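> Got a structure for you, my_file-v1.pdb, holding PDB, C-alpha atoms.
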MODEL        1
ATOM      1  CA  MET A   1     147.108 178.831 -46.368  1.00  0.00           C
ATOM      2  CA  SER A   2     150.693 177.819 -46.977  1.00  0.00           C
ATOM      3  CA  HIS A   3     153.715 179.266 -45.173  1.00  0.00           C
ATOM      4  CA  THR A   4     157.359 179.395 -46.157  1.00  0.00           C
ATOM      5  CA  GLU A   5     160.168 178.934 -43.675  1.00  0.00           C
ATOM      6  CA  GLU A   6     160.540 182.721 -43.543  1.00  0.00           C
ATOM      7  CA  THR A   7     156.865 183.424 -42.838  1.00  0.00           C
ATOM      8  CA  VAL A   8     156.803 180.749 -40.134  1.00  0.00           C
ATOM      9  CA  LEU A   9     159.795 182.352 -38.425  1.00  0.00           C
ATOM     10  CA  ILE A  10     158.118 185.761 -38.610  1.00  0.00           C
ATOM     11  CA  GLU A  11     154.833 184.407 -37.266  1.00  0.00           C
ATOM     12  CA  ILE A  12     156.429 182.384 -34.441  1.00  0.00           C
ATOM     13  CA  ARG A  13     159.020 184.838 -33.191  1.00  0.00           C
ATOM     14  CA  ARG A  14     160.404 182.600 -30.456  1.00  0.00           C
ATOM     15  CA  LEU A  15     161.224 179.862 -32.983  1.00  0.00           C
ATOM     16  CA  THR A  16     164.722 179.940 -34.427  1.00  0.00           C
ATOM     17  CA  ARG A  17     165.723 178.723 -37.870  1.00  0.00           C
ATOM     18  CA  ARG A  18     168.037 176.188 -36.204  1.00  0.00           C
ATOM     19  CA  GLU A  19     165.194 174.759 -34.098  1.00  0.00           C
ATOM     20  CA  LEU A  20     162.841 174.663 -37.075  1.00  0.00           C
ATOM     21  CA  ARG A  21     165.322 172.704 -39.156  1.00  0.00           C
ATOM     22  CA  LEU A  22     166.201 170.394 -36.257  1.00  0.00           C
ATOM     23  CA  TRP A  23     162.533 169.620 -35.619  1.00  0.00           C
ATOM     24  CA  MET A  24     162.053 168.910 -39.314  1.00  0.00           C
ATOM     25  CA  ARG A  25     165.049 166.520 -39.273  1.00  0.00           C
ATOM     26  CA  GLU A  26     163.626 164.830 -36.165  1.00  0.00           C
ATOM     27  CA  GLY A  27     160.332 164.382 -38.015  1.00  0.00           C
ATOM     28  CA  TRP A  28     158.437 166.325 -35.378  1.00  0.00           C
ATOM     29  CA  VAL A  29     157.010 168.551 -38.090  1.00  0.00           C
ATOM     30  CA  ARG A  30     156.650 167.345 -41.691  1.00  0.00           C
ATOM     31  CA  PRO A  31     155.959 170.166 -44.115  1.00  0.00           C
ATOM     32  CA  MET A  32     155.309 169.512 -47.770  1.00  0.00           C
ATOM     33  CA  MET A  33     158.413 170.002 -49.860  1.00  0.00           C
ATOM     34  CA  SER A  34     158.203 172.183 -52.950  1.00  0.00           C
ATOM     35  CA  GLU A  35     160.722 173.349 -55.507  1.00  0.00           C
ATOM     36  CA  THR A  36     161.247 176.475 -53.403  1.00  0.00           C
ATOM     37  CA  GLY A  37     161.610 174.661 -50.071  1.00  0.00           C
ATOM     38  CA  PRO A  38     159.326 173.503 -47.274  1.00  0.00           C
ATOM     39  CA  ARG A  39     155.706 174.657 -47.244  1.00  0.00           C
ATOM     40  CA  PHE A  40     153.959 174.652 -43.871  1.00  0.00           C
ATOM     41  CA  ASP A  41     150.188 174.427 -43.473  1.00  0.00           C
ATOM     42  CA  GLU A  42     148.184 175.669 -40.474  1.00  0.00           C
ATOM     43  CA  LEU A  43     148.542 172.316 -38.682  1.00  0.00           C
ATOM     44  CA  ASP A  44     152.314 172.498 -39.072  1.00  0.00           C
ATOM     45  CA  VAL A  45     152.308 176.007 -37.599  1.00  0.00           C
ATOM     46  CA  ALA A  46     150.145 174.863 -34.663  1.00  0.00           C
ATOM     47  CA  ARG A  47     152.475 171.923 -34.074  1.00  0.00           C
ATOM     48  CA  LEU A  48     155.494 174.254 -34.126  1.00  0.00           C
ATOM     49  CA  ARG A  49     153.828 176.445 -31.501  1.00  0.00           C
ATOM     50  CA  LEU A  50     153.203 173.349 -29.399  1.00  0.00           C
ATOM     51  CA  LEU A  51     156.831 172.318 -29.823  1.00  0.00           C
ATOM     52  CA  CYS A  52     157.926 175.744 -28.596  1.00  0.00           C
ATOM     53  CA  ASP A  53     155.726 175.260 -25.527  1.00  0.00           C
ATOM     54  CA  LEU A  54     157.047 171.759 -24.862  1.00  0.00           C
ATOM     55  CA  CYS A  55     160.715 172.508 -25.470  1.00  0.00           C
ATOM     56  CA  LYS A  56     161.011 176.066 -24.213  1.00  0.00           C
ATOM     57  CA  ASP A  57     158.293 176.622 -21.609  1.00  0.00           C
ATOM     58  CA  MET A  58     158.127 173.094 -20.202  1.00  0.00           C
ATOM     59  CA  ALA A  59     161.772 172.199 -20.930  1.00  0.00           C
ATOM     60  CA  LEU A  60     160.887 168.627 -21.867  1.00  0.00           C
ATOM     61  CA  SER A  61     163.671 166.346 -23.034  1.00  0.00           C
ATOM     62  CA  PRO A  62     163.667 165.223 -26.677  1.00  0.00           C
ATOM     63  CA  ASP A  63     162.524 161.758 -25.591  1.00  0.00           C
ATOM     64  CA  ALA A  64     159.613 163.235 -23.636  1.00  0.00           C
ATOM     65  CA  VAL A  65     158.672 165.477 -26.574  1.00  0.00           C
ATOM     66  CA  GLN A  66     158.623 162.431 -28.860  1.00  0.00           C
ATOM     67  CA  ILE A  67     156.317 160.611 -26.439  1.00  0.00           C
ATOM     68  CA  VAL A  68     153.950 163.598 -26.196  1.00  0.00           C
ATOM     69  CA  LEU A  69     153.841 163.979 -29.977  1.00  0.00           C
ATOM     70  CA  ASN A  70     153.194 160.259 -30.483  1.00  0.00           C
ATOM     71  CA  LEU A  71     150.362 160.292 -27.946  1.00  0.00           C
ATOM     72  CA  MET A  72     148.829 163.374 -29.517  1.00  0.00           C
ATOM     73  CA  ASP A  73     149.055 161.842 -32.988  1.00  0.00           C
ATOM     74  CA  GLN A  74     147.368 158.672 -31.700  1.00  0.00           C
ATOM     75  CA  LEU A  75     144.613 160.726 -30.085  1.00  0.00           C
ATOM     76  CA  HIS A  76     143.992 162.685 -33.287  1.00  0.00           C
ATOM     77  CA  GLN A  77     143.890 159.451 -35.299  1.00  0.00           C
ATOM     78  CA  ALA A  78     141.422 157.939 -32.829  1.00  0.00           C
ATOM     79  CA  ARG A  79     139.202 161.018 -33.188  1.00  0.00           C
ATOM     80  CA  ARG A  80     139.326 160.754 -37.003  1.00  0.00           C
ATOM     81  CA  ASP A  81     138.476 157.044 -36.770  1.00  0.00           C
ATOM     82  CA  LEU A  82     135.599 157.751 -34.393  1.00  0.00           C
ATOM     83  CA  ARG A  83     134.188 160.376 -36.784  1.00  0.00           C
ATOM     84  CA  THR A  84     134.358 157.803 -39.590  1.00  0.00           C
ATOM     85  CA  VAL A  85     132.532 155.211 -37.477  1.00  0.00           C
ATOM     86  CA  MET A  86     129.904 157.767 -36.433  1.00  0.00           C
ATOM     87  CA  GLY A  87     129.356 158.721 -40.072  1.00  0.00           C
ATOM     88  CA  ALA A  88     128.881 155.057 -41.008  1.00  0.00           C
ATOM     89  CA  LEU A  89     126.484 154.536 -38.104  1.00  0.00           C
ATOM     90  CA  ASN A  90     124.436 157.566 -39.071  1.00  0.00           C
ATOM     91  CA  GLU A  91     123.895 156.022 -42.505  1.00  0.00           C
ATOM     92  CA  GLN A  92     122.341 152.875 -41.001  1.00  0.00           C
ATOM     93  CA  PRO A  93     118.589 152.301 -40.601  1.00  0.00           C
ATOM     94  CA  ASP A  94     116.977 153.379 -37.327  1.00  0.00           C
ATOM     95  CA  ASP A  95     116.607 149.817 -36.022  1.00  0.00           C
ATOM     96  CA  VAL A  96     120.338 149.154 -36.483  1.00  0.00           C
ATOM     97  CA  ARG A  97     121.313 152.445 -34.803  1.00  0.00           C
ATOM     98  CA  ASN A  98     118.906 151.765 -31.913  1.00  0.00           C
ATOM     99  CA  ALA A  99     120.287 148.239 -31.422  1.00  0.00           C
ATOM    100  CA  ILE A 100     123.859 149.536 -31.351  1.00  0.00           C
ATOM    101  CA  ALA A 101     122.901 152.310 -28.905  1.00  0.00           C
ATOM    102  CA  ALA A 102     121.207 149.761 -26.617  1.00  0.00           C
ATOM    103  CA  THR A 103     124.268 147.501 -26.711  1.00  0.00           C
ATOM    104  CA  LEU A 104     126.589 150.394 -25.887  1.00  0.00           C
ATOM    105  CA  ARG A 105     124.386 151.499 -22.968  1.00  0.00           C
ATOM    106  CA  ALA A 106     124.279 147.955 -21.596  1.00  0.00           C
ATOM    107  CA  ARG A 107     128.042 147.570 -21.836  1.00  0.00           C
ATOM    108  CA  ARG A 108     128.755 150.969 -20.311  1.00  0.00           C
ATOM    109  CA  PHE A 109     126.465 150.443 -17.345  1.00  0.00           C
ATOM    110  CA  GLY A 110     127.476 146.800 -17.058  1.00  0.00           C
ATOM    111  CA  SER A 111     131.160 147.666 -16.882  1.00  0.00           C
ATOM    112  CA  ARG A 112     130.537 150.244 -14.159  1.00  0.00           C
ATOM    113  CA  SER A 113     128.840 147.715 -11.930  1.00  0.00           C
ATOM    114  CA  ASP A 114     131.588 145.162 -12.678  1.00  0.00           C
ATOM    115  CA  THR A 115     134.276 147.538 -11.432  1.00  0.00           C
ATOM    116  CA  HIS A 116     132.512 148.208  -8.131  1.00  0.00           C
ATOM    117  CA  ASP A 117     132.016 144.549  -7.117  1.00  0.00           C
TER     118      ASP A 117
ENDMDL
END
As a first step, turn the structure in this file into structure tokens.


Amino acid sequence: MSHTEETVLIEIRRLTRRELRLWMREGWVRPMMSETGPRFDELDVARLRLLCDLCKDMALSPDAVQIVLNLMDQLHQARRDLRTVMGALNEQPDDVRNAIAATLRARRFGSRSDTHD
């Protein structure tokens, strides 16, 4: 579902038009641009709600907000990458998957004992 600036402001009542436009200029939210103006998807709306929480409820500085957003974006990218790797692994023959699983178990348990020495 796509939202206009107006429908976003109606849906997120504590968001002002000024804040919305500022956050777009800052690049904190990047809606698609159409002939009629910005079009926000559900992820944009969720990010705007998060920005309201960070800026209004938590009173984070703009620099802190930028750091939080960057970390969240990195985390989401890492999750997408992990899903891609898992999909590729699931397509491999059983012997390959079992060998990889054994290697991961050995490294995980090996690193735990290394940290306690």

> Would you write out, as a ChimeraX atom specification, every residue that the PyMOL selection byres ((chain A and resi 64-81) around 8) captures in this file?

/A:28,51,54-55,60-63,82-85

> Hey, can you check how far CA of Met1 (chain A) sits from CA of Thr16 (chain A)?

21.3 Å

> Check what the PyMOL selection byres ((chain A and resi 6) around 12) selects in the file above and give those residues as a count of residues only.

21

> Centre and edge lengths of an axis-aligned box around all listed atoms of region 83-92 of chain A, with 6 Å added on each side, are to be given in Å to one decimal, as AutoDock Vina command-line options.


--center_x 128.3 --center_y 156.6 --center_z -39.5 --size_x 24.0 --size_y 19.5 --size_z 18.1

> Within 9 Å of Val29 (chain A), counting only C-alpha atoms, which residues show up once you throw out same-chain ones fewer than 6 positions away? Write them as an MDAnalysis selection string, please.

chainID A and resid 20 23 40 44:45 47:48

> Rounded to one decimal in Å, what is the spacing between CA of Leu43 (chain A) and CA of Gly27 (chain A)?

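If I compute the distance from CA of Leu43 (chain A) to CA of Gly27 (chain A), I get 14.2 Å.
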
> Could you state the separation of CA of Glu42 (chain A) and CA of Met24 (chain A) in Å, given to one decimal place?

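Going from CA of Glu42 (chain A) over to CA of Met24 (chain A) covers 15.5 Å.
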